[in-house]
file my_file_38.pdb (PDB, C-alpha atoms)
ATOM      1  CA  MET W   1     -10.709   9.397  -0.529
ATOM      2  CA  ASN W   2      -9.219   9.126  -3.976
ATOM      3  CA  SER W   3     -11.023  10.858  -6.803
ATOM      4  CA  ASN W   4     -12.196   9.015  -9.880
ATOM      5  CA  ASP W   5      -9.267  10.476 -11.836
ATOM      6  CA  SER W   6      -6.590   9.386  -9.347
ATOM      7  CA  LYS W   7      -3.968   6.922 -10.493
ATOM      8  CA  ILE W   8      -2.854   4.785  -7.608
ATOM      9  CA  THR W   9      -0.440   1.882  -7.746
ATOM     10  CA  ILE W  10      -1.491  -1.416  -6.205
ATOM     11  CA  THR W  11       0.686  -4.518  -6.220
ATOM     12  CA  VAL W  12      -0.982  -7.911  -5.968
ATOM     13  CA  VAL W  13       0.989 -10.981  -4.916
ATOM     14  CA  GLY W  14      -1.181 -14.000  -5.547
ATOM     15  CA  SER W  15      -2.633 -16.744  -7.681
ATOM     16  CA  LEU W  16      -3.726 -17.093 -11.279
ATOM     17  CA  ASN W  17      -6.078 -19.898 -12.353
ATOM     18  CA  TYR W  18      -8.075 -20.969 -15.355
ATOM     19  CA  ASP W  19     -11.648 -21.610 -14.228
ATOM     20  CA  LEU W  20     -13.901 -24.330 -15.594
ATOM     21  CA  VAL W  21     -17.444 -23.478 -14.513
ATOM     22  CA  CYS W  22     -20.538 -25.704 -14.638
ATOM     23  CA  VAL W  23     -23.994 -24.279 -13.913
ATOM     24  CA  LEU W  24     -26.457 -26.776 -12.380
ATOM     25  CA  ASP W  25     -29.944 -26.660 -10.903
ATOM     26  CA  ARG W  26     -28.427 -27.861  -7.629
ATOM     27  CA  LEU W  27     -25.056 -28.992  -6.323
ATOM     28  CA  PRO W  28     -24.444 -32.774  -6.527
ATOM     29  CA  ALA W  29     -24.565 -35.054  -3.521
ATOM     30  CA  LEU W  30     -21.686 -37.407  -2.760
ATOM     31  CA  GLY W  31     -21.332 -39.933  -5.588
ATOM     32  CA  GLU W  32     -24.037 -38.256  -7.696
ATOM     33  CA  THR W  33     -23.685 -37.318 -11.367
ATOM     34  CA  LEU W  34     -25.684 -34.361 -12.676
ATOM     35  CA  THR W  35     -26.018 -32.743 -16.093
ATOM     36  CA  ALA W  36     -24.964 -29.111 -16.256
ATOM     37  CA  ARG W  37     -27.238 -26.507 -17.776
ATOM     38  CA  SER W  38     -24.298 -24.553 -19.160
ATOM     39  CA  HIS W  39     -20.510 -24.375 -19.055
ATOM     40  CA  VAL W  40     -18.093 -21.444 -19.059
ATOM     41  CA  ALA W  41     -14.304 -21.308 -19.163
ATOM     42  CA  ALA W  42     -12.827 -18.066 -17.803
ATOM     43  CA  PHE W  43      -9.718 -16.578 -16.251
ATOM     44  CA  GLY W  44      -9.678 -16.591 -12.461
ATOM     45  CA  GLY W  45      -7.531 -17.099  -9.384
ATOM     46  CA  LYS W  46      -8.030 -14.862  -6.373
ATOM     47  CA  GLY W  47      -4.860 -12.866  -6.994
ATOM     48  CA  ALA W  48      -5.570 -12.229 -10.656
ATOM     49  CA  ASN W  49      -9.240 -11.509  -9.937
ATOM     50  CA  GLN W  50      -8.328  -8.838  -7.400
ATOM     51  CA  ALA W  51      -5.722  -7.359  -9.725
ATOM     52  CA  VAL W  52      -8.263  -7.086 -12.546
ATOM     53  CA  ALA W  53     -10.864  -5.667 -10.139
ATOM     54  CA  ALA W  54      -8.537  -2.895  -8.959
ATOM     55  CA  ALA W  55      -7.520  -2.111 -12.544
ATOM     56  CA  ARG W  56     -11.124  -1.871 -13.744
ATOM     57  CA  LEU W  57     -11.821   0.477 -10.845
ATOM     58  CA  GLY W  58      -9.111   2.879 -11.971
ATOM     59  CA  ALA W  59      -5.871   1.783 -10.286
ATOM     60  CA  GLU W  60      -2.507   1.083 -11.852
ATOM     61  CA  VAL W  61      -1.904  -2.543 -10.887
ATOM     62  CA  ARG W  62       1.128  -4.824 -10.905
ATOM     63  CA  MET W  63       0.825  -8.589 -10.524
ATOM     64  CA  ILE W  64       3.427 -10.864  -8.939
ATOM     65  CA  GLY W  65       2.647 -14.554  -9.366
ATOM     66  CA  ALA W  66       3.445 -17.712 -11.313
ATOM     67  CA  VAL W  67       2.035 -19.329 -14.451
ATOM     68  CA  GLY W  68       2.994 -22.415 -16.416
ATOM     69  CA  SER W  69       4.889 -22.414 -19.693
ATOM     70  CA  ASP W  70       1.783 -23.941 -21.286
ATOM     71  CA  PRO W  71      -0.592 -22.075 -23.625
ATOM     72  CA  THR W  72      -2.879 -21.399 -20.654
ATOM     73  CA  GLY W  73      -0.093 -19.531 -18.864
ATOM     74  CA  GLN W  74       0.614 -17.471 -21.954
ATOM     75  CA  ALA W  75      -3.083 -16.652 -22.246
ATOM     76  CA  MET W  76      -3.198 -15.637 -18.561
ATOM     77  CA  ARG W  77      -0.400 -13.138 -19.153
ATOM     78  CA  ARG W  78      -2.129 -11.677 -22.208
ATOM     79  CA  ASN W  79      -5.403 -11.428 -20.323
ATOM     80  CA  LEU W  80      -3.823  -9.405 -17.525
ATOM     81  CA  GLU W  81      -2.157  -7.075 -20.011
ATOM     82  CA  GLU W  82      -5.438  -6.611 -21.896
ATOM     83  CA  ASN W  83      -7.023  -5.578 -18.588
ATOM     84  CA  GLY W  84      -4.309  -2.986 -17.989
ATOM     85  CA  VAL W  85      -2.367  -5.002 -15.387
ATOM     86  CA  ASP W  86       1.448  -4.974 -15.448
ATOM     87  CA  ALA W  87       2.346  -8.680 -15.793
ATOM     88  CA  THR W  88       6.146  -8.359 -15.751
ATOM     89  CA  GLY W  89       6.177  -9.889 -12.251
ATOM     90  CA  LEU W  90       4.932 -13.281 -13.461
ATOM     91  CA  LEU W  91       7.268 -16.243 -13.018
ATOM     92  CA  VAL W  92       7.085 -18.928 -15.712
ATOM     93  CA  ALA W  93       7.166 -22.258 -13.869
ATOM     94  CA  ALA W  94       7.666 -25.842 -15.060
ATOM     95  CA  ASP W  95       4.333 -26.963 -13.582
ATOM     96  CA  PRO W  96       1.068 -26.548 -15.505
ATOM     97  CA  SER W  97      -0.888 -23.370 -14.854
ATOM     98  CA  GLY W  98      -3.348 -23.379 -11.967
ATOM     99  CA  THR W  99      -6.869 -24.609 -12.589
ATOM    100  CA  ALA W 100     -10.140 -24.293 -10.671
ATOM    101  CA  MET W 101     -13.249 -26.444 -11.136
ATOM    102  CA  ILE W 102     -16.398 -24.621 -10.058
ATOM    103  CA  ASN W 103     -19.980 -25.846  -9.687
ATOM    104  CA  ILE W 104     -22.729 -23.229  -9.337
ATOM    105  CA  ASP W 105     -26.365 -23.899  -8.449
ATOM    106  CA  ALA W 106     -29.534 -21.958  -9.270
ATOM    107  CA  ASN W 107     -29.111 -19.780  -6.162
ATOM    108  CA  GLY W 108     -25.579 -18.735  -7.117
ATOM    109  CA  ASP W 109     -24.002 -20.899  -4.393
ATOM    110  CA  ASN W 110     -20.880 -22.765  -5.405
ATOM    111  CA  THR W 111     -18.312 -25.431  -4.653
ATOM    112  CA  ILE W 112     -14.741 -24.888  -5.847
ATOM    113  CA  ILE W 113     -11.806 -27.264  -6.238
ATOM    114  CA  VAL W 114      -8.435 -25.667  -6.995
ATOM    115  CA  TYR W 115      -5.375 -27.354  -8.493
ATOM    116  CA  PRO W 116      -2.524 -24.947  -7.602
ATOM    117  CA  GLY W 117      -0.136 -26.007 -10.357
ATOM    118  CA  ALA W 118       2.334 -23.223 -11.093
ATOM    119  CA  ASN W 119       0.996 -21.140  -8.185
ATOM    120  CA  ALA W 120       2.932 -23.417  -5.830
ATOM    121  CA  ALA W 121       6.166 -22.287  -7.516
ATOM    122  CA  LEU W 122       5.820 -18.710  -6.267
ATOM    123  CA  THR W 123       8.799 -18.572  -3.897
ATOM    124  CA  PRO W 124      10.007 -15.942  -1.398
ATOM    125  CA  ASP W 125      13.041 -15.463  -3.646
ATOM    126  CA  TRP W 126      10.816 -14.494  -6.584
ATOM    127  CA  VAL W 127       8.849 -12.152  -4.354
ATOM    128  CA  ALA W 128      12.110 -10.579  -3.139
ATOM    129  CA  ALA W 129      13.311 -10.166  -6.729
ATOM    130  CA  ASN W 130      10.192  -8.066  -7.337
ATOM    131  CA  GLY W 131      10.488  -6.207  -4.038
ATOM    132  CA  ASP W 132      10.896  -2.788  -5.653
ATOM    133  CA  ALA W 133       7.382  -3.094  -7.090
ATOM    134  CA  ILE W 134       6.013  -3.701  -3.610
ATOM    135  CA  ARG W 135       8.027  -0.891  -2.006
ATOM    136  CA  SER W 136       6.785   1.694  -4.514
ATOM    137  CA  SER W 137       3.108   0.757  -4.138
ATOM    138  CA  SER W 138       0.199   2.552  -2.523
ATOM    139  CA  CYS W 139      -1.056  -0.809  -1.232
ATOM    140  CA  LEU W 140      -0.111  -4.492  -1.268
ATOM    141  CA  MET W 141      -2.902  -7.033  -1.732
ATOM    142  CA  LEU W 142      -2.476 -10.640  -0.584
ATOM    143  CA  GLN W 143      -4.538 -13.848  -0.486
ATOM    144  CA  LEU W 144      -3.785 -17.463   0.473
ATOM    145  CA  GLU W 145      -3.791 -19.442  -2.796
ATOM    146  CA  THR W 146       0.016 -19.251  -2.976
ATOM    147  CA  PRO W 147       2.641 -20.608  -0.521
ATOM    148  CA  LEU W 148       2.379 -19.014   2.908
ATOM    149  CA  ASP W 149       6.109 -18.271   3.123
ATOM    150  CA  SER W 150       5.796 -16.148  -0.015
ATOM    151  CA  VAL W 151       2.797 -14.307   1.430
ATOM    152  CA  LEU W 152       4.840 -13.568   4.548
ATOM    153  CA  ALA W 153       7.835 -12.459   2.483
ATOM    154  CA  ALA W 154       5.692  -9.947   0.581
ATOM    155  CA  ALA W 155       4.088  -8.625   3.772
ATOM    156  CA  ARG W 156       7.494  -8.154   5.411
ATOM    157  CA  ILE W 157       8.798  -6.193   2.423
ATOM    158  CA  ALA W 158       5.719  -3.966   2.478
ATOM    159  CA  ARG W 159       5.872  -3.334   6.211
ATOM    160  CA  GLY W 160       9.581  -2.479   5.966
ATOM    161  CA  ALA W 161       8.768   0.141   3.341
ATOM    162  CA  GLY W 162       5.700   1.516   5.126
ATOM    163  CA  VAL W 163       3.340   0.154   2.452
ATOM    164  CA  PRO W 164      -0.092  -0.843   3.810
ATOM    165  CA  VAL W 165      -1.064  -4.499   3.511
ATOM    166  CA  LEU W 166      -4.568  -5.769   2.736
ATOM    167  CA  LEU W 167      -4.935  -9.520   3.307
ATOM    168  CA  ASN W 168      -7.920 -11.477   2.035
ATOM    169  CA  PRO W 169      -7.466 -14.702   4.081
ATOM    170  CA  ALA W 170      -8.907 -17.071   1.515
ATOM    171  CA  PRO W 171      -8.980 -19.978   1.213
ATOM    172  CA  ALA W 172      -9.066 -20.158   5.004
ATOM    173  CA  ARG W 173      -6.159 -21.760   6.842
ATOM    174  CA  PRO W 174      -4.477 -21.275  10.227
ATOM    175  CA  LEU W 175      -2.086 -18.315  10.084
ATOM    176  CA  PRO W 176       0.933 -17.296  12.170
ATOM    177  CA  ASP W 177       0.450 -14.305  14.443
ATOM    178  CA  GLU W 178       3.277 -12.520  12.625
ATOM    179  CA  LEU W 179       1.165 -12.205   9.488
ATOM    180  CA  PHE W 180      -1.672 -10.553  11.407
ATOM    181  CA  ARG W 181       0.783  -8.031  12.877
ATOM    182  CA  LEU W 182       1.955  -7.152   9.362
ATOM    183  CA  CYS W 183      -1.572  -6.452   8.073
ATOM    184  CA  ASP W 184      -3.351  -3.105   8.058
ATOM    185  CA  VAL W 185      -6.647  -4.625   6.905
ATOM    186  CA  VAL W 186      -7.841  -8.250   6.928
ATOM    187  CA  THR W 187     -11.022  -9.143   4.998
ATOM    188  CA  PRO W 188     -12.421 -12.580   5.913
ATOM    189  CA  ASN W 189     -15.892 -13.819   5.172
ATOM    190  CA  GLU W 190     -17.874 -15.380   8.028
ATOM    191  CA  THR W 191     -16.496 -18.890   7.462
ATOM    192  CA  GLU W 192     -12.913 -17.685   7.284
ATOM    193  CA  LEU W 193     -13.386 -15.526  10.367
ATOM    194  CA  ARG W 194     -14.606 -18.522  12.382
ATOM    195  CA  LEU W 195     -11.521 -20.526  11.401
ATOM    196  CA  LEU W 196      -9.102 -17.694  12.139
ATOM    197  CA  SER W 197     -10.666 -16.652  15.454
ATOM    198  CA  GLY W 198     -12.041 -19.945  16.765
ATOM    199  CA  VAL W 199     -15.375 -18.353  17.719
ATOM    200  CA  GLU W 200     -18.818 -18.102  16.105
ATOM    201  CA  GLY W 201     -19.772 -14.456  16.660
ATOM    202  CA  VAL W 202     -18.723 -11.988  13.955
ATOM    203  CA  GLU W 203     -17.918  -9.091  16.280
ATOM    204  CA  GLU W 204     -16.204 -11.341  18.814
ATOM    205  CA  GLY W 205     -14.148 -12.914  16.037
ATOM    206  CA  ALA W 206     -13.163  -9.519  14.642
ATOM    207  CA  ARG W 207     -12.044  -8.390  18.117
ATOM    208  CA  ILE W 208      -9.820 -11.463  18.385
ATOM    209  CA  LEU W 209      -8.094 -10.569  15.108
ATOM    210  CA  LEU W 210      -7.624  -6.990  16.278
ATOM    211  CA  GLY W 211      -5.997  -8.420  19.389
ATOM    212  CA  LYS W 212      -3.498 -10.214  17.143
ATOM    213  CA  GLY W 213      -2.308  -6.863  15.779
ATOM    214  CA  VAL W 214      -4.504  -6.263  12.731
ATOM    215  CA  GLY W 215      -5.279  -2.593  12.095
ATOM    216  CA  ALA W 216      -8.855  -3.153  10.897
ATOM    217  CA  VAL W 217     -11.061  -6.144  10.161
ATOM    218  CA  VAL W 218     -13.653  -6.022   7.382
ATOM    219  CA  VAL W 219     -15.980  -9.023   7.344
ATOM    220  CA  THR W 220     -17.895  -9.750   4.151
ATOM    221  CA  LEU W 221     -21.359 -11.102   4.975
ATOM    222  CA  GLY W 222     -22.707 -12.039   1.549
ATOM    223  CA  GLY W 223     -26.265 -10.851   1.103
ATOM    224  CA  LYS W 224     -26.150  -9.190   4.537
ATOM    225  CA  GLY W 225     -23.478  -6.689   3.503
ATOM    226  CA  SER W 226     -20.247  -6.114   5.394
ATOM    227  CA  LEU W 227     -18.958  -5.096   8.815
ATOM    228  CA  CYS W 228     -15.880  -3.080   9.749
ATOM    229  CA  MET W 229     -14.176  -3.094  13.148
ATOM    230  CA  ASP W 230     -11.101  -1.201  14.313
ATOM    231  CA  GLU W 231      -9.947   0.218  17.636
ATOM    232  CA  ARG W 232     -12.761   2.810  17.532
ATOM    233  CA  GLY W 233     -15.555   0.239  17.353
ATOM    234  CA  SER W 234     -17.615  -1.357  14.596
ATOM    235  CA  PHE W 235     -20.277  -0.526  12.036
ATOM    236  CA  ALA W 236     -22.126  -2.502   9.393
ATOM    237  CA  VAL W 237     -23.357  -1.542   5.920
ATOM    238  CA  PRO W 238     -26.155  -3.534   4.239
ATOM    239  CA  SER W 239     -25.731  -5.108   0.838
ATOM    240  CA  TYR W 240     -27.592  -4.265  -2.335
ATOM    241  CA  GLU W 241     -30.327  -6.708  -3.268
ATOM    242  CA  VAL W 242     -29.547  -8.412  -6.572
ATOM    243  CA  ARG W 243     -30.403 -11.650  -8.315
ATOM    244  CA  ALA W 244     -27.216 -13.640  -7.745
ATOM    245  CA  MET W 245     -25.984 -15.844 -10.573
ATOM    246  CA  ASP W 246     -22.376 -16.599  -9.572
ATOM    247  CA  ALA W 247     -20.677 -15.342  -6.412
ATOM    248  CA  THR W 248     -17.223 -16.666  -7.384
ATOM    249  CA  ALA W 249     -15.579 -13.239  -7.835
ATOM    250  CA  ALA W 250     -17.868 -11.173  -5.615
ATOM    251  CA  GLY W 251     -15.388 -11.181  -2.736
ATOM    252  CA  ASP W 252     -12.482 -10.427  -5.059
ATOM    253  CA  SER W 253     -14.360  -7.466  -6.531
ATOM    254  CA  PHE W 254     -15.053  -6.257  -2.976
ATOM    255  CA  ASN W 255     -11.361  -6.488  -2.094
ATOM    256  CA  GLY W 256     -10.192  -4.761  -5.255
ATOM    257  CA  ALA W 257     -12.648  -1.966  -4.519
ATOM    258  CA  LEU W 258     -11.455  -1.619  -0.930
ATOM    259  CA  ALA W 259      -7.803  -1.357  -1.972
ATOM    260  CA  THR W 260      -8.599   1.436  -4.421
ATOM    261  CA  ARG W 261     -10.734   3.319  -1.895
ATOM    262  CA  LEU W 262      -8.019   3.353   0.743
ATOM    263  CA  SER W 263      -5.090   4.373  -1.479
ATOM    264  CA  ASP W 264      -4.205   7.736  -2.990
ATOM    265  CA  ALA W 265      -2.274   8.716  -6.104
ATOM    266  CA  ASP W 266       0.542  10.214  -4.035
ATOM    267  CA  GLY W 267       1.123   6.885  -2.289
ATOM    268  CA  ALA W 268      -0.686   7.863   0.906
ATOM    269  CA  HIS W 269      -2.997   5.409   2.624
ATOM    270  CA  ARG W 270      -6.204   6.273   4.418
ATOM    271  CA  SER W 271      -6.423   3.914   7.376
ATOM    272  CA  ARG W 272      -9.948   4.894   8.403
ATOM    273  CA  ILE W 273     -12.623   2.925   6.588
ATOM    274  CA  SER W 274     -15.945   4.718   6.171
ATOM    275  CA  ALA W 275     -19.507   3.575   5.576
ATOM    276  CA  ASP W 276     -19.271   5.067   2.070
ATOM    277  CA  ASP W 277     -16.225   2.887   1.407
ATOM    278  CA  LEU W 278     -18.094  -0.261   2.391
ATOM    279  CA  ALA W 279     -21.148   0.761   0.370
ATOM    280  CA  PHE W 280     -18.934   1.135  -2.709
ATOM    281  CA  CYS W 281     -17.299  -2.250  -2.058
ATOM    282  CA  ASN W 282     -20.693  -3.888  -1.460
ATOM    283  CA  ALA W 283     -21.871  -2.533  -4.815
ATOM    284  CA  ALA W 284     -18.823  -3.917  -6.622
ATOM    285  CA  GLY W 285     -19.361  -7.334  -5.038
ATOM    286  CA  ALA W 286     -23.090  -7.347  -5.719
ATOM    287  CA  LEU W 287     -22.588  -6.505  -9.396
ATOM    288  CA  ALA W 288     -20.038  -9.292  -9.782
ATOM    289  CA  ALA W 289     -22.509 -11.796  -8.331
ATOM    290  CA  THR W 290     -25.044 -11.054 -11.096
ATOM    291  CA  ARG W 291     -22.764 -12.366 -13.860
ATOM    292  CA  LEU W 292     -21.310 -15.759 -14.708
ATOM    293  CA  GLY W 293     -17.580 -16.442 -14.520
ATOM    294  CA  ALA W 294     -14.860 -14.913 -12.350
ATOM    295  CA  GLN W 295     -13.122 -12.140 -14.258
ATOM    296  CA  PRO W 296     -15.923 -11.659 -16.835
ATOM    297  CA  SER W 297     -18.169 -10.676 -13.912
ATOM    298  CA  ILE W 298     -15.886  -7.992 -12.403
ATOM    299  CA  PRO W 299     -17.377  -4.501 -12.887
ATOM    300  CA  THR W 300     -15.736  -1.280 -14.040
ATOM    301  CA  LEU W 301     -15.701   1.969 -12.090
ATOM    302  CA  ALA W 302     -18.380   3.432 -14.371
ATOM    303  CA  GLU W 303     -20.616   0.415 -13.794
ATOM    304  CA  VAL W 304     -20.256   0.596 -10.015
ATOM    305  CA  ASN W 305     -20.913   4.347  -9.917
ATOM    306  CA  ASP W 306     -23.961   3.954 -12.174
ATOM    307  CA  PHE W 307     -25.274   1.066 -10.071
ATOM    308  CA  ILE W 308     -24.987   3.117  -6.859
ATOM    309  CA  ALA W 309     -26.576   6.173  -8.490
ATOM    310  CA  ARG W 310     -29.547   4.158  -9.728
ATOM    311  CA  ARG W 311     -30.045   2.421  -6.387
ATOM    312  CA  THR W 312     -29.736   5.718  -4.509
ATOM    313  CA  ALA W 313     -32.255   7.392  -6.806
TER     314      ALA W 313
END
call {"tool": "encode", "arguments": {"input": "my_file_38.pdb", "output": "structure tokens"}}
result
Amino acid sequence: MNSNDSKITITVVGSLNYDLVCVLDRLPALGETLTARSHVAAFGGKGANQAVAAARLGAEVRMIGAVGSDPTGQAMRRNLEENGVDATGLLVAADPSGTAMINIDANGDNTIIVYPGANAALTPDWVAANGDAIRSSSCLMLQLETPLDSVLAAARIARGAGVPVLLNPAPARPLPDELFRLCDVVTPNETELRLLSGVEGVEEGARILLGKGVGAVVVTLGGKGSLCMDERGSFAVPSYEVRAMDATAAGDSFNGALATRLSDADGAHRSRISADDLAFCNAAGALAATRLGAQPSIPTLAEVNDFIARRTA
């Protein structure tokens, strides 16, 4: 386990979006118009969220992705840099920067519509041009808001260099078996696991992914916590009870936490996931759910440690 003072290097290949968030008493029905109680604009995108999460938890993070040449893209770059993320791996594309439109109800449940924009311009060639960043990492983090061939290209580079790969398979889509074989850890939620495995049961679904060559499967279960399964078996860790306001970046905070827990400053990777690891990740996700907006909600290492200490006491 890395100490709080460790400096590990995580590379994230993924998306960057600008989020437009509306808070409502309830989510609208088809064809219905509702008045929002409040509105927030914030930086998001699953890739950028996970990069910021890992950085706030103490890692040195590099981001490979694509933004537009518009003012939003320039602001996205500055935001990453202000959060301590190396943004030299960002491609400036002709398309507008990615945008997400998010509705959140009083229970913290949401609906999200994503316009990929510049994220669709992230090509395997650009990933390959930044291959040295991946090869020198303690861990590579991937999601599915960018083109699948670029995700595969990054995973192949990492596997060739012996760099562990953590895939958050969101948003859910069918995936080639090759990608599973390239992944050390896959972190679906229950909905994503059902799509990837074709079955309803969490443990049965996780076993199917293990059978595809994944090293370990960590399933995020929302308010029920999380479950880990590898070749040794499975165990679950309950969540922390909080008053959820916005769960948009809860999963991204969980993933950023997991990447930092499993990587060491000397580049080593701890393949065994412990109950303490999942408890730490659950805490990071729970804290993020108590705040509005994607990246504004992501906690720091001090906040997570204090939260766990208070709940333990």
call {"tool": "closest_residue", "arguments": {"input": "my_file_38.pdb", "among": "W:Val40, W:Leu34, W:Ala59, W:Val219", "to": "Ser263 in chain W", "atoms": "only C-alpha atoms"}}
result
W:Ala59
call {"tool": "closest_atom_pairs", "arguments": {"input": "my_file_38.pdb", "of": "range 147-167 of chain W", "to": "range 240-261 of chain W", "cutoff": "12 Å", "atoms": "all atoms listed in the file", "output": "Markdown table"}}
result
| residue | atom | partner | partner_atom | distance |
| --- | --- | --- | --- | --- |
| W:Pro164 | CA | W:Ala259 | CA | 9.7 |
| W:Val165 | CA | W:Ala259 | CA | 9.2 |
| W:Leu166 | CA | W:Ala259 | CA | 7.2 |
| W:Leu167 | CA | W:Asn255 | CA | 8.9 |
call {"tool": "resolve_selection", "arguments": {"input": "my_file_38.pdb", "expression": "the PyMOL selection byres ((chain W and resi 68) around 9)", "output": "PyMOL selection string"}}
result
chain W and resi 66-67+69-74+91-98+117-119
call {"tool": "atom_distance", "arguments": {"input": "my_file_38.pdb", "atom1": "CA of Asp277 in chain W", "atom2": "CA of Ile64 in chain W"}}
result
26.1 Å
call {"tool": "residues_around", "arguments": {"input": "my_file_38.pdb", "residues": "Leu292 in chain W", "least_positions_apart": "5", "cutoff": "12 Å", "atoms": "all atoms listed in the file", "output": "NGL selection string"}}
result
:W and (19-23 or 38-44 or 102-106 or 108-110 or 243-250 or 287 or 297-298)
call {"tool": "resolve_selection", "arguments": {"input": "my_file_38.pdb", "expression": "the PyMOL selection byres ((chain W and resi 209) around 12)", "output": "NGL selection string"}}
result
:W and (169 or 175-181 or 183-188 or 192-199 or 202-208 or 210-219 or 229-231)
call {"tool": "residues_around", "arguments": {"input": "my_file_38.pdb", "residues": "Val163 in chain W", "least_positions_apart": "4", "cutoff": "6 Å", "atoms": "all atoms listed in the file", "output": "MDAnalysis selection string"}}
result
chainID W and resid 139 158:159
call {"tool": "resolve_selection", "arguments": {"input": "my_file_38.pdb", "expression": "the PyMOL selection byres ((chain W and resi 45) around 8)", "output": "number ranges by chain"}}
result
W: 15-19, 43-44, 46-49, 98, 100, 145
call {"tool": "residues_near_point", "arguments": {"input": "my_file_38.pdb", "point": "(-15.4, 4.0, 3.1)", "cutoff": "12 Å", "atoms": "only C-alpha atoms", "output": "ChimeraX atom specification"}}
result
/W:1-2,218,226-228,235-237,254,257-263,270-282
call {"tool": "atom_distance", "arguments": {"input": "my_file_38.pdb", "atom1": "CA of Leu182 in chain W", "atom2": "CA of Asp149 in chain W"}}
result
13.4 Å
call {"tool": "build_atoms", "arguments": {"input": "my_file_38.pdb", "residues": "range 165-182 of chain W", "atoms": "N, CA and C atoms", "output": "PDB file, in the frame of the given file"}}
result
ATOM      1  N   VAL W 165      -0.803  -3.137   3.975  1.00  0.00           N
ATOM      2  CA  VAL W 165      -1.064  -4.499   3.511  1.00  0.00           C
ATOM      3  C   VAL W 165      -2.532  -4.834   3.731  1.00  0.00           C
ATOM      4  N   LEU W 166      -3.191  -5.282   2.668  1.00  0.00           N
ATOM      5  CA  LEU W 166      -4.568  -5.769   2.736  1.00  0.00           C
ATOM      6  C   LEU W 166      -4.541  -7.260   2.459  1.00  0.00           C
ATOM      7  N   LEU W 167      -4.920  -8.065   3.443  1.00  0.00           N
ATOM      8  CA  LEU W 167      -4.935  -9.520   3.307  1.00  0.00           C
ATOM      9  C   LEU W 167      -6.365 -10.025   3.229  1.00  0.00           C
ATOM     10  N   ASN W 168      -6.673 -10.733   2.147  1.00  0.00           N
ATOM     11  CA  ASN W 168      -7.920 -11.477   2.035  1.00  0.00           C
ATOM     12  C   ASN W 168      -7.595 -12.925   2.394  1.00  0.00           C
ATOM     13  N   PRO W 169      -7.935 -13.398   3.601  1.00  0.00           N
ATOM     14  CA  PRO W 169      -7.466 -14.702   4.081  1.00  0.00           C
ATOM     15  C   PRO W 169      -8.276 -15.860   3.514  1.00  0.00           C
ATOM     16  N   ALA W 170      -8.152 -16.035   2.208  1.00  0.00           N
ATOM     17  CA  ALA W 170      -8.907 -17.071   1.515  1.00  0.00           C
ATOM     18  C   ALA W 170      -8.007 -17.766   0.499  1.00  0.00           C
ATOM     19  N   PRO W 171      -8.146 -19.102   0.385  1.00  0.00           N
ATOM     20  CA  PRO W 171      -8.980 -19.978   1.213  1.00  0.00           C
ATOM     21  C   PRO W 171      -8.472 -20.038   2.648  1.00  0.00           C
ATOM     22  N   ALA W 172      -9.390 -20.236   3.580  1.00  0.00           N
ATOM     23  CA  ALA W 172      -9.066 -20.158   5.004  1.00  0.00           C
ATOM     24  C   ALA W 172      -8.066 -21.228   5.407  1.00  0.00           C
ATOM     25  N   ARG W 173      -7.136 -20.831   6.254  1.00  0.00           N
ATOM     26  CA  ARG W 173      -6.159 -21.760   6.842  1.00  0.00           C
ATOM     27  C   ARG W 173      -5.617 -21.105   8.108  1.00  0.00           C
ATOM     28  N   PRO W 174      -5.104 -21.885   9.050  1.00  0.00           N
ATOM     29  CA  PRO W 174      -4.477 -21.275  10.227  1.00  0.00           C
ATOM     30  C   PRO W 174      -3.290 -20.411   9.798  1.00  0.00           C
ATOM     31  N   LEU W 175      -3.129 -19.267  10.454  1.00  0.00           N
ATOM     32  CA  LEU W 175      -2.086 -18.315  10.084  1.00  0.00           C
ATOM     33  C   LEU W 175      -1.217 -17.973  11.288  1.00  0.00           C
ATOM     34  N   PRO W 176       0.061 -17.713  11.061  1.00  0.00           N
ATOM     35  CA  PRO W 176       0.933 -17.296  12.170  1.00  0.00           C
ATOM     36  C   PRO W 176       0.590 -15.891  12.636  1.00  0.00           C
ATOM     37  N   ASP W 177       0.762 -15.626  13.905  1.00  0.00           N
ATOM     38  CA  ASP W 177       0.450 -14.305  14.443  1.00  0.00           C
ATOM     39  C   ASP W 177       1.261 -13.216  13.760  1.00  0.00           C
ATOM     40  N   GLU W 178       2.462 -13.544  13.288  1.00  0.00           N
ATOM     41  CA  GLU W 178       3.277 -12.520  12.625  1.00  0.00           C
ATOM     42  C   GLU W 178       2.552 -11.908  11.442  1.00  0.00           C
ATOM     43  N   LEU W 179       1.846 -12.732  10.671  1.00  0.00           N
ATOM     44  CA  LEU W 179       1.165 -12.205   9.488  1.00  0.00           C
ATOM     45  C   LEU W 179       0.080 -11.212   9.887  1.00  0.00           C
ATOM     46  N   PHE W 180      -0.656 -11.500  10.946  1.00  0.00           N
ATOM     47  CA  PHE W 180      -1.672 -10.553  11.407  1.00  0.00           C
ATOM     48  C   PHE W 180      -1.030  -9.211  11.788  1.00  0.00           C
ATOM     49  N   ARG W 181       0.115  -9.272  12.457  1.00  0.00           N
ATOM     50  CA  ARG W 181       0.783  -8.031  12.877  1.00  0.00           C
ATOM     51  C   ARG W 181       1.269  -7.208  11.688  1.00  0.00           C
ATOM     52  N   LEU W 182       1.478  -7.847  10.553  1.00  0.00           N
ATOM     53  CA  LEU W 182       1.955  -7.152   9.362  1.00  0.00           C
ATOM     54  C   LEU W 182       0.820  -6.539   8.539  1.00  0.00           C
TER      55      LEU W 182
END
